[in-house]
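Raw input.cif, mmCIF, C-alpha atoms:
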data_final
#
loop_
_atom_site.label_atom_id
_atom_site.label_comp_id
_atom_site.auth_asym_id
_atom_site.auth_seq_id
_atom_site.Cartn_x
_atom_site.Cartn_y
_atom_site.Cartn_z
CA MET A 1 182.23 82.72 161.40
CA PRO A 2 182.28 81.35 165.00
CA VAL A 3 178.96 80.68 166.69
CA VAL A 4 178.68 81.09 170.47
CA ASP A 5 175.84 80.08 172.77
CA VAL A 6 173.93 82.79 174.58
CA LEU A 7 173.36 82.03 178.27
CA ASN A 8 171.12 83.52 180.90
CA LEU A 9 172.11 84.21 184.49
CA SER A 10 171.22 80.64 185.46
CA GLY A 11 173.79 79.27 183.01
CA LYS A 12 171.17 77.85 180.62
CA LYS A 13 171.34 78.23 176.85
CA VAL A 14 168.73 80.61 175.45
CA GLY A 15 170.07 81.14 171.91
CA GLN A 16 173.10 81.58 169.69
CA VAL A 17 174.99 84.53 168.23
CA ASP A 18 177.38 84.78 165.28
CA LEU A 19 180.71 86.50 165.94
CA ALA A 20 182.57 88.35 163.20
CA ASP A 21 185.79 86.70 162.02
CA ALA A 22 187.52 90.07 161.66
CA VAL A 23 187.03 90.79 165.38
CA PHE A 24 186.85 87.45 167.18
CA GLY A 25 188.78 85.28 164.69
CA ALA A 26 191.79 87.48 163.97
CA LYS A 27 195.39 86.35 164.23
CA VAL A 28 196.81 86.91 167.72
CA ASN A 29 199.70 89.39 167.66
CA PRO A 30 201.75 89.18 170.89
CA HIS A 31 203.72 92.32 170.01
CA LEU A 32 200.57 94.42 169.76
CA LEU A 33 199.31 93.02 173.06
CA HIS A 34 202.58 93.94 174.74
CA GLU A 35 202.62 97.47 173.31
CA ALA A 36 198.97 98.11 174.25
CA SER A 37 199.48 96.81 177.79
CA ARG A 38 202.61 98.91 178.23
CA TRP A 39 200.81 102.00 176.91
CA TYR A 40 197.87 101.44 179.30
CA MET A 41 200.14 100.98 182.33
CA ARG A 42 201.96 104.20 181.48
CA GLU A 43 198.64 106.03 181.07
CA ILE A 44 197.38 105.13 184.55
CA ARG A 45 200.72 105.86 186.23
CA ARG A 46 200.30 108.93 188.41
CA GLY A 47 203.91 110.12 188.34
CA THR A 48 203.67 112.02 191.64
CA HIS A 49 207.00 110.80 193.05
CA LYS A 50 209.09 113.63 194.48
CA THR A 51 212.21 114.17 196.58
CA LYS A 52 213.50 117.42 198.03
CA ASP A 53 216.71 118.89 196.77
CA LYS A 54 219.14 121.18 198.62
CA SER A 55 216.94 124.25 198.16
CA GLU A 56 213.80 122.58 199.55
CA VAL A 57 214.89 120.84 202.77
CA SER A 58 214.66 122.66 206.09
CA GLY A 59 217.75 124.29 207.54
CA ALA A 60 219.51 127.63 207.82
CA GLY A 61 221.48 129.03 204.95
CA ARG A 62 224.39 130.42 206.90
CA LYS A 63 227.90 129.08 206.65
CA LEU A 64 228.63 126.85 209.65
CA TRP A 65 232.24 127.91 210.21
CA ARG A 66 234.88 129.90 208.44
CA GLN A 67 236.48 128.58 205.30
CA LYS A 68 240.08 128.27 206.55
CA GLY A 69 241.97 127.90 209.78
CA THR A 70 239.76 125.41 211.64
CA GLY A 71 241.34 122.20 210.38
CA ARG A 72 237.93 120.85 209.42
CA ALA A 73 236.51 120.25 205.98
CA ARG A 74 235.02 123.28 204.33
CA VAL A 75 231.21 123.40 204.51
CA GLY A 76 228.88 125.96 202.97
CA SER A 77 225.45 124.81 204.18
CA ILE A 78 223.83 122.40 206.62
CA ARG A 79 221.51 121.32 203.79
CA SER A 80 224.36 119.76 201.81
CA PRO A 81 223.53 116.37 200.23
CA LEU A 82 226.57 114.94 202.03
CA TRP A 83 225.03 115.60 205.41
CA ARG A 84 222.26 113.83 207.28
CA HIS A 85 218.85 115.38 206.54
CA GLY A 86 220.37 117.11 203.55
CA GLY A 87 218.90 117.40 200.06
CA THR A 88 218.73 114.60 197.51
CA VAL A 89 220.77 114.91 194.35
CA HIS A 90 219.13 113.99 191.02
CA GLY A 91 216.02 112.64 192.75
CA PRO A 92 212.72 111.92 190.96
CA LYS A 93 210.42 114.79 190.05
CA PRO A 94 206.70 114.74 189.12
CA ARG A 95 206.29 113.87 185.46
CA ASP A 96 203.80 112.52 182.94
CA TYR A 97 204.58 108.99 181.77
CA SER A 98 201.88 108.81 179.10
CA TYR A 99 202.68 108.76 175.40
CA ALA A 100 200.73 108.52 172.16
CA LEU A 101 200.05 105.17 170.50
CA PRO A 102 198.51 104.87 167.02
CA LYS A 103 194.81 104.07 167.06
CA LYS A 104 195.29 101.20 164.60
CA MET A 105 197.63 99.49 167.06
CA LEU A 106 195.11 99.79 169.89
CA LEU A 107 192.29 98.39 167.75
CA GLY A 108 194.54 95.59 166.53
CA ALA A 109 195.45 94.71 170.10
CA LEU A 110 191.75 94.54 171.03
CA ARG A 111 191.07 92.16 168.14
CA SER A 112 193.98 89.98 169.21
CA ALA A 113 192.84 89.89 172.84
CA LEU A 114 189.22 89.07 171.95
CA SER A 115 190.34 86.35 169.54
CA ALA A 116 192.62 84.85 172.18
CA LYS A 117 189.74 84.73 174.69
CA LEU A 118 187.50 82.96 172.20
CA ALA A 119 190.25 80.49 171.25
CA ASP A 120 190.85 79.66 174.93
CA GLN A 121 187.08 79.23 175.50
CA LYS A 122 187.10 82.02 178.05
CA LEU A 123 184.40 84.11 176.34
CA THR A 124 180.75 83.92 177.36
CA VAL A 125 177.81 85.83 175.88
CA ILE A 126 175.03 86.78 178.29
CA ASP A 127 171.46 87.50 177.28
CA GLU A 128 171.05 90.40 179.73
CA TRP A 129 172.04 91.34 183.27
CA SER A 130 168.57 91.43 184.81
CA LEU A 131 169.40 91.56 188.50
CA ASN A 132 166.53 92.04 190.92
CA SER A 133 168.77 93.40 193.66
CA HIS A 134 171.93 95.40 194.06
CA LYS A 135 173.26 92.93 196.61
CA THR A 136 176.61 91.32 195.92
CA LYS A 137 175.24 87.88 196.80
CA ALA A 138 172.93 87.81 193.76
CA LEU A 139 175.73 88.63 191.33
CA ALA A 140 178.10 86.16 192.99
CA ALA A 141 175.52 83.39 192.52
CA ALA A 142 175.08 84.33 188.85
CA LEU A 143 178.84 84.32 188.27
CA GLY A 144 179.02 80.90 189.89
CA ASN A 145 176.51 79.60 187.34
CA LEU A 146 178.66 81.10 184.53
CA LYS A 147 181.83 79.23 185.61
CA HIS A 148 183.51 82.17 187.30
CA THR A 149 186.73 80.94 188.96
CA LYS A 150 189.59 83.46 189.26
CA SER A 151 188.53 86.78 187.78
CA SER A 152 185.91 88.15 185.39
CA LEU A 153 185.61 91.16 183.11
CA ILE A 154 181.99 92.18 182.53
CA VAL A 155 181.29 94.26 179.41
CA SER A 156 177.79 95.70 179.42
CA HIS A 157 176.18 98.59 177.55
CA GLY A 158 173.67 100.94 179.08
CA GLU A 159 172.93 101.99 182.62
CA ASN A 160 172.42 99.12 185.05
CA ARG A 161 172.56 100.41 188.60
CA ASN A 162 172.11 97.02 190.24
CA LEU A 163 174.97 95.52 188.24
CA GLU A 164 177.21 98.49 188.99
CA LEU A 165 176.63 98.34 192.74
CA ALA A 166 176.84 94.55 192.97
CA SER A 167 180.07 94.21 190.96
CA ARG A 168 182.18 96.82 192.71
CA ASN A 169 182.35 94.84 195.96
CA LEU A 170 183.56 91.59 194.37
CA GLU A 171 187.28 90.89 194.25
CA ARG A 172 188.78 90.51 190.77
CA VAL A 173 185.51 91.48 189.04
CA LYS A 174 185.46 94.58 186.86
CA LEU A 175 182.60 96.23 184.94
CA VAL A 176 183.36 98.32 181.84
CA ALA A 177 181.44 99.74 178.89
CA PRO A 178 182.11 98.51 175.32
CA ASN A 179 183.81 101.78 174.38
CA ALA A 180 186.16 101.53 177.39
CA VAL A 181 187.51 98.00 176.92
CA GLN A 182 191.29 97.79 177.01
CA ALA A 183 193.54 94.95 175.89
CA TYR A 184 195.22 95.02 179.31
CA ASP A 185 191.90 94.35 181.07
CA LEU A 186 191.19 91.41 178.76
CA LEU A 187 194.58 89.88 179.51
CA ASN A 188 194.34 90.64 183.24
CA HIS A 189 191.04 88.79 183.73
CA ASP A 190 190.37 85.10 183.23
CA LEU A 191 186.73 85.11 182.06
CA LEU A 192 185.16 87.61 179.63
CA LEU A 193 181.40 88.15 179.93
CA LEU A 194 179.74 90.05 177.07
CA THR A 195 176.14 91.01 176.56
CA LYS A 196 174.57 90.75 173.10
CA GLU A 197 174.44 94.53 172.84
CA ALA A 198 178.12 94.76 173.78
CA VAL A 199 179.04 92.22 171.09
CA ALA A 200 177.20 94.25 168.45
CA ARG A 201 178.93 97.47 169.50
CA LEU A 202 182.38 95.86 169.56
CA VAL A 203 181.86 94.47 166.06
CA ARG A 204 180.67 97.86 164.84
CA THR A 205 183.80 99.51 166.23
CA LEU A 206 186.51 96.93 165.55
CA ASP A 207 185.44 95.42 162.23
CA PRO A 208 187.70 97.05 159.57
CA GLU A 209 185.36 95.88 156.79
CA ALA A 210 182.27 97.52 158.28
CA ALA A 211 180.82 100.19 155.98
CA ALA A 212 181.13 103.69 157.35
CA ALA A 213 178.00 105.75 157.77
CA ALA A 214 177.41 107.93 154.70
CA THR A 215 177.40 111.63 155.45
CA PRO A 216 175.53 114.00 153.10
CA HIS A 217 177.45 116.64 151.20
CA VAL A 218 177.28 120.14 152.58
CA GLU A 219 175.89 121.60 149.34
CA SER A 220 173.09 119.02 149.21
CA ILE A 221 171.75 119.97 152.63
CA ALA A 222 168.79 122.31 152.23
CA PRO A 223 168.93 125.44 154.38
CA ALA A 224 166.51 125.71 157.23
CA PRO A 225 163.41 127.82 156.49
CA VAL A 226 163.53 131.31 157.90
CA ALA A 227 160.69 132.01 160.30
CA LYS A 228 158.69 135.13 159.40
CA LYS A 229 158.41 137.77 162.04
CA GLU A 230 154.85 138.77 162.91
CA ALA A 231 154.06 142.48 162.90
CA ALA A 232 153.45 143.95 166.31
CA PRO A 233 149.82 145.09 166.87
CA LYS A 234 149.33 148.84 166.40
CA ALA A 235 148.26 150.92 169.38
CA ALA A 236 144.66 152.25 169.39
CA LYS A 237 144.31 155.78 168.00
CA SER A 238 143.27 158.47 170.47
CA GLY A 239 140.56 161.09 169.62
CA ALA A 240 142.70 164.26 169.59
CA LYS A 241 146.35 164.66 168.77
CA LYS A 242 148.51 166.47 171.23
CA PRO A 243 150.41 169.43 169.75
CA ALA A 244 154.12 168.86 169.48
CA ALA A 245 156.13 170.69 172.08
CA LYS A 246 158.38 173.39 170.69
CA LYS A 247 162.07 172.94 171.32
CA THR A 248 163.69 175.92 173.03
CA ALA A 249 167.19 176.76 171.95
CA LYS A 250 169.77 176.61 174.71
CA PRO A 251 171.84 179.77 175.20
CA GLY A 252 175.32 179.36 173.79
CA LYS A 253 178.40 179.66 175.93
CA LYS A 254 180.31 182.91 175.64
CA GLY A 255 183.94 182.72 174.73
CA LYS A 256 186.55 183.78 177.16
#
Go through the file and emit its structure as structure tokens.
Amino acid sequence: MPVVDVLNLSGKKVGQVDLADAVFGAKVNPHLLHEASRWYMREIRRGTHKTKDKSEVSGAGRKLWRQKGTGRARVGSIRSPLWRHGGTVHGPKPRDYSYALPKKMLLGALRSALSAKLADQKLTVIDEWSLNSHKTKALAAALGNLKHTKSSLIVSHGENRNLELASRNLERVKLVAPNAVQAYDLLNHDLLLLTKEAVARLVRTLDPEAAAAATPHVESIAPAPVAKKEAAPKAAKSGAKKPAAKKTAKPGKKGK
């Protein structure tokens, strides 16, 4: 089980943390990394490319000249693809490029990417991101103490407004939650910065040997007690009862 030092924002060692072999010591599979990166790139592709065909470009629909007798080539419309400003034949249309990828492949690609970062000594565990200001200068100084050179991927759990505001103005610095980490982001950034809470959540999600939470059987769950309805208070009795009004019979309608 690999042991990694825990650093603070000043770059000083404040402790150590054990990393699971199943998550951070797995065998790197280049094929899984390629498939996961390709799947992610197809997912974020917008697919809004569009060209106009003959029926969509501007222009009248009348025939320019008669079919025969002019000596010129026959033409049916000014919007013909053969003409300037005409329609485009077989042009691209809006489409969805995304496709389904098995969840086991995505989790395996994450294990491979995390293991590759640890093997290349590009993984750093941070105690906590306790920034006193939302200014970019404070985060840039902290990243300088943590050997930030080209690019960094920060994985942090929980709401941290100062970190969110300070990181979005730095070039090649990205902040993600543990449940949103992608293998493409790990490969696209040079340095990986994880908090201790993020490490625990990644191990809980990616460790195939982790015991699943036991769920009680439906029959063993006791039904909720039924709340008893309280009787409405009775109205106070008056001294004398009013006689009931006699119903008068309505005259029936005569038949025609």
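Near region 6-22 of chain A, within 7 Å and counting only C-alpha atoms, sit Met1, Pro2, Ala26, Val125, Ile126, Asp127, Glu128, Ala142, Asn145, Leu146, Val203 and Asp207 of chain A, not including residues fewer than 4 positions from it in the same chain.
Restricting the calculation to only C-alpha atoms, the smallest distance between Asn132 (chain A) and any of A:Asn162, A:Ser115, A:Ser37, A:Asn29 is found for A:Asn162.
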Would you list the contacts of Leu123 (chain A) as JSON, numbers by chain, taking every protein, DNA or RNA residue within 10 Å and counting only C-alpha atoms, but skipping same-chain residues closer than 3 positions in sequence? {"A": [4, 114, 115, 116, 117, 118, 119, 120, 126, 153, 190, 191, 192, 193, 194]}
Which residues fall under the PyMOL selection byres ((chain A and resi 63) around 7) in this file, as number ranges by chain? A: 61-62, 64-65, 75-77
Explicit residue set for the PyMOL selection byres ((chain A and resi 99) around 12), as a VMD selection string: chain A and resid 35 to 36 38 to 45 95 to 98 100 to 102
Nearby residues (only C-alpha atoms) at most 10 Å from Leu107 (chain A), same-chain spacing under 2 positions excluded, as number ranges by chain: A: 23, 32, 36, 102-105, 109-113, 182-183, 205-208
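Excluding Ala140 (chain A) itself and any same-chain residue fewer than 3 positions from it, the protein and nucleic acid residues within 12 Å of it, counting only C-alpha atoms, are Leu9, Ser10, Leu131, Ser133, His134, Lys135, Thr136, Lys137, Leu143, Gly144, Asn145, Leu146, Lys147, His148, Thr149, Ser151, Ser152, Leu163, Ala166, Ser167, Arg168, Asn169, Leu170, Glu171, Arg172 and Val173 of chain A.
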Taking the file as shown, what set of residues would the PyMOL selection byres ((chain A and resi 51-59) around 10) give back, as a list in words? His49, Lys50, Ala60, Gly61, Arg62, Ser77, Ile78, Arg79, Ser80, Pro81, His85, Gly86, Gly87, Thr88, Val89, His90, Gly91, Pro92, Lys93 and Pro94 of chain A
Expressed in Å to a single decimal, how great is the separation between CA of Val176 (chain A) and CA of Thr48 (chain A)? 26.4 Å
Between CA of Trp129 (chain A) and CA of Arg161 (chain A), measure the distance and give it in Å to one decimal.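 So the two atoms, CA of Trp129 (chain A) and CA of Arg161 (chain A), lie 10.5 Å apart.
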Work out how far apart CA of Ser130 (chain A) and CA of Val3 (chain A) are and give it in Å to one decimal.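 Taking CA of Ser130 (chain A) as the start and CA of Val3 (chain A) as the end point, the length is 23.5 Å.
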Have a look at A:Val155, A:Val28, A:Ala73, A:Leu106 and name the one nearest to Tyr184 (chain A); count only C-alpha atoms.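 Using only C-alpha atoms, Tyr184 (chain A) sits closest to A:Leu106.
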